[in-house]
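J.: Dropping in entry_39.cif, with mmCIF, C-alpha atoms and all ligand atoms.
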data_entry
loop_
_atom_site.label_atom_id
_atom_site.label_comp_id
_atom_site.auth_asym_id
_atom_site.auth_seq_id
_atom_site.Cartn_x
_atom_site.Cartn_y
_atom_site.Cartn_z
CA MET A 1 46.33 -163.49 38.93
CA SER A 2 42.92 -163.10 40.34
CA PHE A 3 40.90 -166.18 41.10
CA ASP A 4 37.56 -167.12 39.72
CA ALA A 5 35.10 -169.26 41.65
CA GLU A 6 36.30 -172.43 39.97
CA SER A 7 40.00 -171.92 40.63
CA ALA A 8 39.39 -170.86 44.26
CA THR A 9 37.54 -174.06 45.17
CA PRO A 10 40.40 -176.61 45.23
CA PHE A 11 42.18 -174.80 48.09
CA PHE A 12 39.30 -175.49 50.50
CA PRO A 13 39.61 -178.84 52.28
CA GLN A 14 36.97 -181.55 52.62
CA SER A 15 37.88 -182.64 56.15
CA TYR A 16 40.25 -181.87 59.01
CA GLN A 17 42.30 -184.97 58.26
CA ALA A 18 42.64 -184.22 54.54
CA SER A 19 43.58 -180.65 55.40
CA ARG A 20 46.26 -181.73 57.87
CA GLU A 21 47.79 -184.20 55.39
CA ARG A 22 47.88 -181.50 52.76
CA LEU A 23 49.51 -179.07 55.19
CA LEU A 24 52.27 -181.52 56.01
CA ALA A 25 52.84 -182.29 52.32
CA ASN A 26 53.10 -178.57 51.63
CA ALA A 27 55.56 -178.23 54.51
CA ARG A 28 57.72 -180.95 52.97
CA ALA A 29 57.66 -179.17 49.62
CA TRP A 30 58.73 -175.91 51.24
CA SER A 31 61.51 -177.60 53.20
CA ARG A 32 63.42 -178.09 49.95
CA HIS A 33 63.74 -174.33 49.68
CA LEU A 34 63.76 -172.88 53.19
CA PRO A 35 64.19 -174.16 56.75
CA VAL A 36 60.86 -175.52 57.95
CA LEU A 37 60.02 -176.16 61.58
CA ILE A 38 56.98 -178.26 62.52
CA ASP A 39 55.88 -178.15 66.14
CA SER A 40 52.76 -180.30 66.63
CA ARG A 41 50.82 -180.46 69.88
CA SER A 42 48.19 -183.16 70.05
CA VAL A 43 45.01 -182.78 72.08
CA PRO A 44 43.46 -185.48 74.30
CA ALA A 45 40.82 -186.61 71.80
CA ARG A 46 40.56 -188.44 68.50
CA GLY A 47 38.79 -187.62 65.27
CA PRO A 48 35.80 -189.48 63.81
CA SER A 49 38.12 -191.96 62.03
CA GLY A 50 40.35 -192.36 65.07
CA GLU A 51 42.86 -189.89 63.64
CA THR A 52 45.27 -187.86 65.76
CA LEU A 53 44.09 -184.33 66.47
CA ALA A 54 46.84 -181.76 66.72
CA GLN A 55 47.64 -178.10 66.61
CA ASP A 56 50.35 -177.82 63.95
CA TRP A 57 52.73 -174.86 64.02
CA VAL A 58 54.44 -174.93 60.62
CA GLN A 59 57.07 -172.24 60.39
CA ILE A 60 58.75 -171.50 57.07
CA GLY A 61 61.93 -169.48 57.58
CA PRO A 62 63.85 -167.58 58.62
CA ARG A 63 66.06 -168.16 55.61
CA ARG A 64 69.15 -168.41 57.76
CA GLY A 65 68.36 -171.60 59.66
CA GLY A 66 69.19 -171.82 63.34
CA ARG A 67 68.27 -168.20 64.01
CA LYS A 68 65.08 -166.83 65.47
CA ALA A 69 62.82 -164.83 63.19
CA ARG A 70 62.64 -161.11 63.84
CA ARG A 71 59.73 -160.52 61.48
CA MET A 72 56.83 -162.90 61.36
CA LEU A 73 53.39 -163.41 59.88
CA ILE A 74 51.17 -165.97 61.60
CA LEU A 75 48.04 -167.25 59.85
CA ALA A 76 45.85 -169.26 62.22
CA SER A 77 42.85 -171.44 61.41
CA GLY A 78 40.21 -173.33 63.33
CA THR A 79 40.15 -171.54 66.68
CA HIS A 80 36.45 -172.24 66.34
CA GLY A 81 36.85 -175.76 65.00
CA LEU A 82 34.87 -176.06 61.79
CA GLU A 83 35.50 -172.39 60.94
CA GLY A 84 38.87 -173.89 59.98
CA PHE A 85 37.50 -174.93 56.59
CA CYS A 86 37.79 -171.26 55.68
CA GLY A 87 41.12 -170.50 57.35
CA ALA A 88 42.73 -173.67 56.02
CA GLY A 89 41.61 -172.74 52.50
CA ILE A 90 43.52 -169.48 52.87
CA GLN A 91 46.50 -171.32 54.36
CA HIS A 92 46.66 -173.80 51.47
CA ALA A 93 46.29 -170.96 48.96
CA MET A 94 49.18 -169.18 50.64
CA MET A 95 51.50 -172.19 50.67
CA GLU A 96 50.60 -173.46 47.19
CA HIS A 97 49.80 -170.37 45.20
CA TRP A 98 50.59 -167.01 46.70
CA MET A 99 54.10 -167.70 47.88
CA ARG A 100 56.49 -169.19 45.38
CA HIS A 101 59.38 -171.42 46.06
CA GLY A 102 61.34 -169.76 43.30
CA ALA A 103 61.54 -169.20 39.57
CA PRO A 104 60.45 -170.46 37.16
CA ALA A 105 56.78 -169.96 37.69
CA ARG A 106 54.56 -172.96 38.28
CA PRO A 107 52.35 -174.52 35.62
CA GLY A 108 49.20 -172.55 35.09
CA ASN A 109 51.15 -169.37 34.67
CA ALA A 110 51.83 -169.85 31.00
CA SER A 111 50.15 -166.54 30.26
CA GLY A 112 53.09 -164.76 31.81
CA VAL A 113 50.78 -163.01 34.26
CA ASN A 114 52.31 -162.82 37.71
CA PRO A 115 50.04 -165.01 39.89
CA TRP A 116 51.52 -163.59 43.07
CA PRO A 117 49.43 -160.58 43.81
CA TRP A 118 51.89 -158.77 46.00
CA GLY A 119 54.99 -159.26 43.88
CA LEU A 120 56.49 -161.25 46.74
CA PRO A 121 60.05 -162.28 46.18
CA PRO A 122 60.80 -165.99 45.65
CA ALA A 123 61.95 -167.98 48.66
CA SER A 124 65.60 -167.49 47.77
CA ASP A 125 65.19 -163.72 48.17
CA TRP A 126 63.15 -163.62 51.37
CA PRO A 127 64.57 -161.35 54.04
CA ASP A 128 66.93 -163.32 56.28
CA ASP A 129 64.88 -162.60 59.37
CA PHE A 130 61.34 -163.34 58.13
CA ALA A 131 59.21 -166.39 58.90
CA LEU A 132 55.73 -167.32 57.77
CA VAL A 133 53.79 -169.41 60.27
CA ILE A 134 50.82 -171.55 59.31
CA LEU A 135 49.06 -172.45 62.56
CA HIS A 136 46.63 -175.15 61.49
CA ALA A 137 43.67 -176.03 63.71
CA VAL A 138 43.88 -174.20 67.02
CA ASN A 139 40.87 -176.39 67.90
CA PRO A 140 41.42 -179.60 65.92
CA TYR A 141 38.62 -181.47 67.72
CA GLY A 142 36.00 -178.99 66.54
CA PHE A 143 37.44 -178.96 63.02
CA ALA A 144 37.28 -182.76 62.81
CA TRP A 145 33.89 -183.20 64.51
CA LEU A 146 32.26 -180.16 62.87
CA ARG A 147 31.82 -178.15 66.06
CA ARG A 148 32.82 -174.61 67.05
CA VAL A 149 33.86 -175.73 70.52
CA ASN A 150 36.57 -178.13 71.64
CA GLU A 151 36.52 -181.59 73.24
CA SER A 152 35.38 -180.04 76.55
CA ASN A 153 32.54 -178.01 74.97
CA VAL A 154 34.67 -174.89 75.47
CA ASP A 155 34.82 -171.96 73.08
CA LEU A 156 38.58 -171.33 72.83
CA ASN A 157 38.01 -167.68 72.00
CA ARG A 158 36.36 -167.17 75.42
CA ASN A 159 38.88 -169.17 77.46
CA SER A 160 41.77 -166.74 77.98
CA LEU A 161 41.05 -165.42 81.45
CA THR A 162 43.54 -164.96 84.26
CA ARG A 163 40.83 -165.82 86.78
CA PHE A 164 37.73 -167.94 86.19
CA ASP A 165 34.55 -166.88 87.91
CA THR A 166 32.13 -169.82 87.64
CA SER A 167 29.19 -167.56 88.38
CA LEU A 168 29.91 -165.34 85.36
CA VAL A 169 26.94 -165.46 82.99
CA HIS A 170 24.92 -162.72 81.30
CA PRO A 171 21.59 -162.30 83.14
CA ASP A 172 19.71 -162.61 79.83
CA TYR A 173 21.53 -165.87 79.09
CA GLU A 174 20.46 -167.19 82.45
CA ALA A 175 16.87 -166.13 81.80
CA LEU A 176 16.89 -167.73 78.34
CA TYR A 177 18.85 -170.81 79.38
CA ASP A 178 16.15 -173.43 78.69
CA LEU A 179 15.27 -171.81 75.37
CA ILE A 180 18.80 -171.82 73.99
CA ASN A 181 19.86 -175.11 75.58
CA PRO A 182 16.85 -177.42 75.09
CA THR A 183 17.02 -180.97 76.39
CA ASP A 184 14.70 -182.31 73.69
CA LEU A 185 13.56 -181.39 70.19
CA ASP A 186 9.90 -182.19 70.72
CA PRO A 187 8.18 -180.19 67.93
CA ALA A 188 5.45 -178.67 70.10
CA ARG A 189 7.91 -177.59 72.80
CA GLU A 190 10.31 -176.27 70.19
CA GLU A 191 7.57 -174.14 68.69
CA GLN A 192 6.86 -172.62 72.10
CA ARG A 193 10.56 -171.98 72.69
CA TRP A 194 10.99 -170.25 69.37
CA GLN A 195 7.96 -168.08 70.04
CA ALA A 196 9.54 -167.03 73.33
CA ILE A 197 12.86 -166.29 71.61
CA ALA A 198 11.04 -164.27 68.94
CA GLN A 199 9.32 -162.29 71.67
CA PHE A 200 12.66 -161.51 73.31
CA VAL A 201 14.02 -160.32 69.93
CA ALA A 202 10.91 -158.22 69.29
CA GLU A 203 11.23 -156.50 72.66
CA ARG A 204 14.98 -156.19 73.03
CA GLY A 205 16.41 -156.59 69.53
CA GLU A 206 18.53 -159.21 67.82
CA ARG A 207 21.72 -157.57 69.05
CA ALA A 208 20.66 -158.10 72.67
CA LEU A 209 20.17 -161.80 71.96
CA GLN A 210 23.55 -161.97 70.23
CA GLN A 211 25.21 -160.27 73.21
CA ALA A 212 23.61 -162.58 75.78
CA VAL A 213 24.33 -165.78 73.88
CA SER A 214 27.74 -165.04 72.41
CA GLU A 215 29.71 -163.06 75.02
CA GLY A 216 30.74 -166.26 76.83
CA GLN A 217 29.43 -167.86 80.01
CA TYR A 218 31.39 -169.75 82.69
CA LYS A 219 28.60 -171.29 84.72
CA TYR A 220 27.08 -174.02 82.53
CA PRO A 221 29.55 -176.59 81.10
CA ALA A 222 26.86 -178.13 78.87
CA GLY A 223 25.49 -174.81 77.67
CA MET A 224 26.21 -172.96 74.47
CA GLN A 225 29.15 -170.56 74.48
CA PHE A 226 30.80 -172.07 77.53
CA GLY A 227 34.14 -170.38 78.18
CA GLY A 228 35.55 -173.06 80.49
CA GLN A 229 36.49 -173.07 84.14
CA LYS A 230 40.23 -173.35 83.62
CA LEU A 231 42.65 -172.75 80.78
CA GLU A 232 42.11 -175.51 78.22
CA ALA A 233 45.06 -177.70 77.16
CA SER A 234 44.93 -176.18 73.67
CA ILE A 235 45.33 -172.69 75.09
CA VAL A 236 48.18 -173.76 77.37
CA ASN A 237 49.84 -175.34 74.30
CA LEU A 238 49.25 -172.20 72.31
CA HIS A 239 50.88 -169.99 74.93
CA SER A 240 53.85 -172.33 75.02
CA LEU A 241 54.18 -172.17 71.22
CA VAL A 242 54.06 -168.38 71.29
CA ARG A 243 56.63 -168.03 74.08
CA GLU A 244 58.99 -170.37 72.32
CA HIS A 245 58.71 -169.28 68.71
CA LEU A 246 58.02 -165.58 69.09
CA ALA A 247 60.91 -165.04 71.48
CA GLY A 248 63.03 -162.25 70.06
CA VAL A 249 60.50 -161.25 67.43
CA GLU A 250 60.47 -157.52 66.72
CA GLN A 251 57.58 -157.19 64.29
CA ALA A 252 54.76 -159.66 63.92
CA PHE A 253 51.17 -159.92 62.75
CA TRP A 254 48.77 -162.69 63.67
CA ILE A 255 45.59 -163.20 61.69
CA ASP A 256 43.08 -165.61 63.22
CA TYR A 257 40.48 -166.73 60.66
CA HIS A 258 36.83 -166.97 61.64
CA THR A 259 33.44 -167.31 59.97
CA GLY A 260 29.78 -166.86 60.84
CA LEU A 261 29.22 -163.11 61.28
CA GLY A 262 28.41 -160.61 58.57
CA GLU A 263 27.25 -160.46 54.98
CA MET A 264 27.96 -163.53 52.85
CA GLY A 265 31.67 -163.48 51.98
CA ALA A 266 32.41 -160.05 53.46
CA CYS A 267 35.42 -159.84 55.78
CA GLU A 268 35.66 -157.74 58.93
CA LEU A 269 38.93 -157.38 60.81
CA ILE A 270 38.18 -157.41 64.54
CA THR A 271 40.21 -156.63 67.64
CA GLY A 272 39.20 -156.43 71.27
CA ILE A 273 41.59 -153.52 71.80
CA PRO A 274 39.85 -150.16 72.43
CA LYS A 275 40.23 -147.70 69.57
CA ALA A 276 41.60 -145.08 71.95
CA SER A 277 44.41 -147.38 73.06
CA PRO A 278 47.92 -146.75 71.66
CA ALA A 279 48.06 -150.47 70.78
CA PHE A 280 45.16 -150.00 68.34
CA ALA A 281 47.31 -147.67 66.25
CA ARG A 282 49.53 -150.61 65.34
CA GLY A 283 46.66 -152.30 63.50
CA TYR A 284 45.27 -149.02 62.17
CA GLN A 285 48.60 -148.26 60.56
CA VAL A 286 48.21 -151.37 58.40
CA TRP A 287 44.48 -151.67 57.77
CA GLY A 288 43.05 -148.23 58.53
CA ASP A 289 39.31 -148.03 58.98
CA ALA A 290 38.86 -151.67 57.92
CA ILE A 291 39.71 -152.67 61.46
CA LYS A 292 36.90 -152.68 64.04
CA SER A 293 36.94 -152.92 67.80
CA THR A 294 34.48 -154.96 69.87
CA ASP A 295 35.37 -152.72 72.80
CA SER A 296 34.35 -149.61 70.90
CA GLY A 297 31.08 -151.16 69.71
CA ASP A 298 31.58 -150.70 65.97
CA SER A 299 32.13 -154.37 65.19
CA LEU A 300 29.68 -157.00 64.02
CA SER A 301 30.84 -158.95 67.05
CA ALA A 302 29.51 -158.32 70.53
CA LYS A 303 31.96 -157.45 73.31
CA LEU A 304 33.31 -160.80 74.50
CA HIS A 305 34.96 -162.34 77.55
CA GLY A 306 38.25 -164.20 77.52
CA LEU A 307 39.43 -163.46 73.96
CA MET A 308 42.34 -165.61 72.82
CA GLU A 309 44.26 -162.49 71.82
CA GLN A 310 44.48 -161.40 75.46
CA GLY A 311 46.43 -164.49 76.41
CA VAL A 312 48.64 -164.28 73.33
CA TYR A 313 49.55 -160.62 73.90
CA ALA A 314 50.65 -161.55 77.42
CA CYS A 315 53.11 -164.10 75.96
CA VAL A 316 54.77 -161.70 73.51
CA ALA A 317 57.56 -159.34 74.57
CA PRO A 318 55.96 -155.96 75.37
CA ASP A 319 58.40 -154.04 73.17
CA ALA A 320 57.62 -156.13 70.07
CA ARG A 321 55.53 -154.45 67.38
CA PHE A 322 52.89 -157.14 67.52
CA PHE A 323 49.27 -157.06 66.47
CA MET A 324 46.67 -159.77 66.41
CA VAL A 325 43.38 -159.56 64.58
CA ALA A 326 40.44 -161.84 63.89
CA ALA A 327 39.42 -161.90 60.23
CA GLU A 328 35.70 -162.69 60.36
CA TYR A 329 33.96 -163.81 57.17
CA GLY A 330 30.21 -163.52 56.86
CA THR A 331 28.10 -166.54 56.02
CA HIS A 332 24.36 -166.75 56.72
CA PRO A 333 22.10 -164.50 58.83
CA VAL A 334 22.95 -164.50 62.52
CA MET A 335 19.72 -166.25 63.58
CA ARG A 336 20.38 -169.17 61.23
CA VAL A 337 23.93 -169.47 62.59
CA LEU A 338 22.74 -169.38 66.22
CA LYS A 339 20.07 -171.95 65.44
CA ALA A 340 22.65 -174.31 63.93
CA MET A 341 24.91 -173.93 66.98
CA ARG A 342 21.96 -174.58 69.27
CA MET A 343 21.04 -177.80 67.45
CA ASP A 344 24.66 -178.95 67.48
CA ASN A 345 24.89 -178.33 71.22
CA TRP A 346 21.76 -180.42 71.73
CA LEU A 347 23.20 -183.20 69.55
CA HIS A 348 26.39 -183.50 71.60
CA HIS A 349 24.71 -183.43 75.01
CA HIS A 350 21.49 -185.33 74.41
CA ALA A 351 22.23 -187.65 71.47
CA ASP A 352 25.21 -189.23 69.72
CA SER A 353 26.62 -189.92 66.28
CA GLN A 354 24.16 -192.78 65.76
CA HIS A 355 21.17 -190.48 66.17
CA PRO A 356 19.11 -190.23 62.96
CA MET A 357 19.31 -186.43 63.08
CA TRP A 358 23.12 -186.38 63.23
CA PRO A 359 23.70 -186.05 59.44
CA ALA A 360 21.16 -183.27 58.94
CA ILE A 361 22.32 -181.25 61.96
CA LYS A 362 25.98 -181.61 60.98
CA ALA A 363 25.20 -180.61 57.38
CA GLU A 364 23.44 -177.47 58.62
CA VAL A 365 26.14 -176.45 61.09
CA LEU A 366 28.74 -176.92 58.35
CA GLU A 367 26.70 -174.79 55.97
CA ALA A 368 26.34 -172.12 58.67
CA PHE A 369 30.11 -171.75 59.00
CA ARG A 370 31.31 -172.88 55.57
CA PRO A 371 28.69 -172.11 52.94
CA ASN A 372 28.89 -174.54 50.07
CA GLN A 373 28.98 -171.80 47.46
CA PRO A 374 31.74 -171.17 44.92
CA GLN A 375 31.20 -167.40 45.16
CA TRP A 376 31.74 -167.49 48.91
CA ARG A 377 35.06 -169.29 48.53
CA LEU A 378 36.12 -166.79 45.90
CA LYS A 379 35.27 -163.86 48.17
CA VAL A 380 37.22 -165.48 51.01
CA LEU A 381 40.39 -165.58 48.93
CA GLN A 382 39.82 -162.10 47.53
CA GLY A 383 39.38 -160.71 51.04
CA ALA A 384 42.54 -162.45 52.21
CA GLN A 385 44.43 -161.09 49.23
CA SER A 386 43.42 -157.59 50.26
CA HIS A 387 44.24 -157.71 53.99
CA LEU A 388 47.38 -159.81 53.52
CA GLY A 389 48.69 -157.44 50.87
CA ALA A 390 48.57 -154.65 53.44
CA VAL A 391 50.61 -156.77 55.86
CA PHE A 392 53.28 -157.61 53.31
CA ARG A 393 53.63 -153.95 52.44
CA ASP A 394 54.07 -153.12 56.13
CA LEU A 395 56.64 -155.90 56.51
CA GLY A 396 58.55 -154.36 53.61
CA MET A 397 58.28 -157.56 51.57
CA ALA A 398 56.19 -156.61 48.57
CA VAL A 399 58.22 -155.65 45.56
CA PRO A 400 56.79 -152.54 43.89
CA GLY A 401 55.41 -153.07 40.41
ZN ZN A 501 34.88 -167.78 65.19
#
Translate this file's structure into structure tokens.
Ligand SMILES: [Zn+2]
T.:
Amino acid sequence: MSFDAESATPFFPQSYQASRERLLANARAWSRHLPVLIDSRSVPARGPSGETLAQDWVQIGPRRGGRKARRMLILASGTHGLEGFCGAGIQHAMMEHWMRHGAPARPGNASGVNPWPWGLPPASDWPDDFALVILHAVNPYGFAWLRRVNESNVDLNRNSLTRFDTSLVHPDYEALYDLINPTDLDPAREEQRWQAIAQFVAERGERALQQAVSEGQYKYPAGMQFGGQKLEASIVNLHSLVREHLAGVEQAFWIDYHTGLGEMGACELITGIPKASPAFARGYQVWGDAIKSTDSGDSLSAKLHGLMEQGVYACVAPDARFFMVAAEYGTHPVMRVLKAMRMDNWLHHHADSQHPMWPAIKAEVLEAFRPNQPQWRLKVLQGAQSHLGAVFRDLGMAVPG
């Protein structure tokens, strides 16, 4: 069954806390049908209501409990905090709609139309060795506080380095530092700053600005796009989860959901692996030309430092057929998104939650990464249906017809 905008909406959560509670309720529902493992790692921060913030690894299967999965699909949300509103929507759709516990079909399927787009078998017929993993909120702090970065102002998708060089910063970032990291929002000064930014874009192009700002910098802890100066606790936790639960896996795909780059609702699948590398072929085999490489320069994303995938690959057995990809959904134009991030960075370093501008800045940063549009939510689920269908076919799980 294909969604319409109205039926897509309920899968998208209203807050981190509501999303986490829903995830755990879904896990309980699934545990009546298949072995469910929940491995939660809390982070050293609290949410706005004092709630616990945790990375939740919810693993459904393998069907034969007590054994390690040999085939696995991992769907991850919230590496960039509030981008988790998108990824969690896909996760809830997967657990509540796309994968069925078993026959008979759930209410809402009275038409007899199969609502499961890939003809997936019911839980009772899953392959013995398969597990689905819902990794909810890689960066729970950012999800809860409506930020891209974590509790240490670190972008977790720039933090996976084996050696941190605290002088590493793009020369253009350094030159633009005061423009992109203002200490005040004085209207006259802001106007001058934006004129200077516009001049940079006119001379060098928007892509040059995107490269300088977004590639990750390791020098300024209070600056935008800070990659950290050590591995963050969330990344250490993540590596531990991967080593433990992917041990013995033979075939696995990991889709890390992101938003903020590209046309409204469009989805680009992005890897940092060079196209010429043999490892790229693993993703190409599943998604063909839909997959883009930041290394090869054909992606919407700039080439970045310290990608999370680098650290994860290092934790997976080298002989496993493993591929990790970022699924990036477009929202608003890149300058609007950068502007929202810039304001949010100012808010957290030069103001607090009592500041009169807090609500407006938070509303704008949320809109930048989770547009409040029914059509956007519909496109998100349609895009997921397309790239996930390809994975299930590769895993040999889709039933023809
Ligand atoms: Zn992202």
J.: Please return as a ChimeraX atom specification the residues found within 8 Å of ligand ZN 501 (chain A), counting only C-alpha atoms and all ligand atoms.
T.: /A:78-80,83,148,157,257-260,328
J.: Which value, in Å to one decimal, gives the distance between atom CA of A:Ala123 and atom CA of A:Asn237?
T.: 29.3 Å
J.: What does the distance between atom CA of A:Ser353 and atom CA of A:Leu53 come to in Å, to one decimal place?
T.: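 About the pair atom CA of A:Ser353 and atom CA of A:Leu53: they are 18.3 Å apart.
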J.: Could you check how far atom CA of A:Arg63 sits from atom CA of A:Ala390, in Å to one decimal?
T.: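 According to the coordinates, atom CA of A:Arg63 and atom CA of A:Ala390 are separated by 22.2 Å.
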J.: Using all atoms listed in the file, which residues sit within 12 Å of A:Gly47 once same-chain residues fewer than 3 positions away are excluded, as a list in words?
T.: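 In the requested form, the answer reads Ser15, Tyr16, Gln17, Ala18, Ser42, Val43, Pro44, Gly50, Glu51, Thr52, Leu53, Ala54, Asn139, Pro140, Tyr141, Gly142, Phe143, Ala144, Trp145, Leu146, Arg147, Asn150 and Glu151 of chain A.
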J.: Go ahead and write the residues just picked, C-alpha atoms, as a tab-separated table (two decimals), in the coordinates of the input.
T.:
chain	number	residue	atom	x	y	z
A	15	SER	CA	37.88	-182.64	56.15
A	16	TYR	CA	40.25	-181.87	59.01
A	17	GLN	CA	42.30	-184.97	58.26
A	18	ALA	CA	42.64	-184.22	54.54
A	42	SER	CA	48.19	-183.16	70.05
A	43	VAL	CA	45.01	-182.78	72.08
A	44	PRO	CA	43.46	-185.48	74.30
A	50	GLY	CA	40.35	-192.36	65.07
A	51	GLU	CA	42.86	-189.89	63.64
A	52	THR	CA	45.27	-187.86	65.76
A	53	LEU	CA	44.09	-184.33	66.47
A	54	ALA	CA	46.84	-181.76	66.72
A	139	ASN	CA	40.87	-176.39	67.90
A	140	PRO	CA	41.42	-179.60	65.92
A	141	TYR	CA	38.62	-181.47	67.72
A	142	GLY	CA	36.00	-178.99	66.54
A	143	PHE	CA	37.44	-178.96	63.02
A	144	ALA	CA	37.28	-182.76	62.81
A	145	TRP	CA	33.89	-183.20	64.51
A	146	LEU	CA	32.26	-180.16	62.87
A	147	ARG	CA	31.82	-178.15	66.06
A	150	ASN	CA	36.57	-178.13	71.64
A	151	GLU	CA	36.52	-181.59	73.24
J.: Between A:Ile90, A:Leu179, A:Ala384, A:Ala45, which is the closest to A:Gln192 once you count all atoms listed in the file?
T.: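 Ranked by minimum distance to A:Gln192, first place goes to A:Leu179.
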J.: So which residues fall inside 12 Å of (19.1, -160.0, 77.2) if we count all atoms listed in the file? Mind giving them as a PyMOL selection string?
T.: chain A and resi 169-177+197+199-215
J.: Looking at only C-alpha atoms, which of A:Glu250, A:Glu263, A:Glu244, A:Asp128 is the one that sits closest to A:Trp376?
T.: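 The shortest atom-to-atom distance to A:Trp376 comes from A:Glu263.
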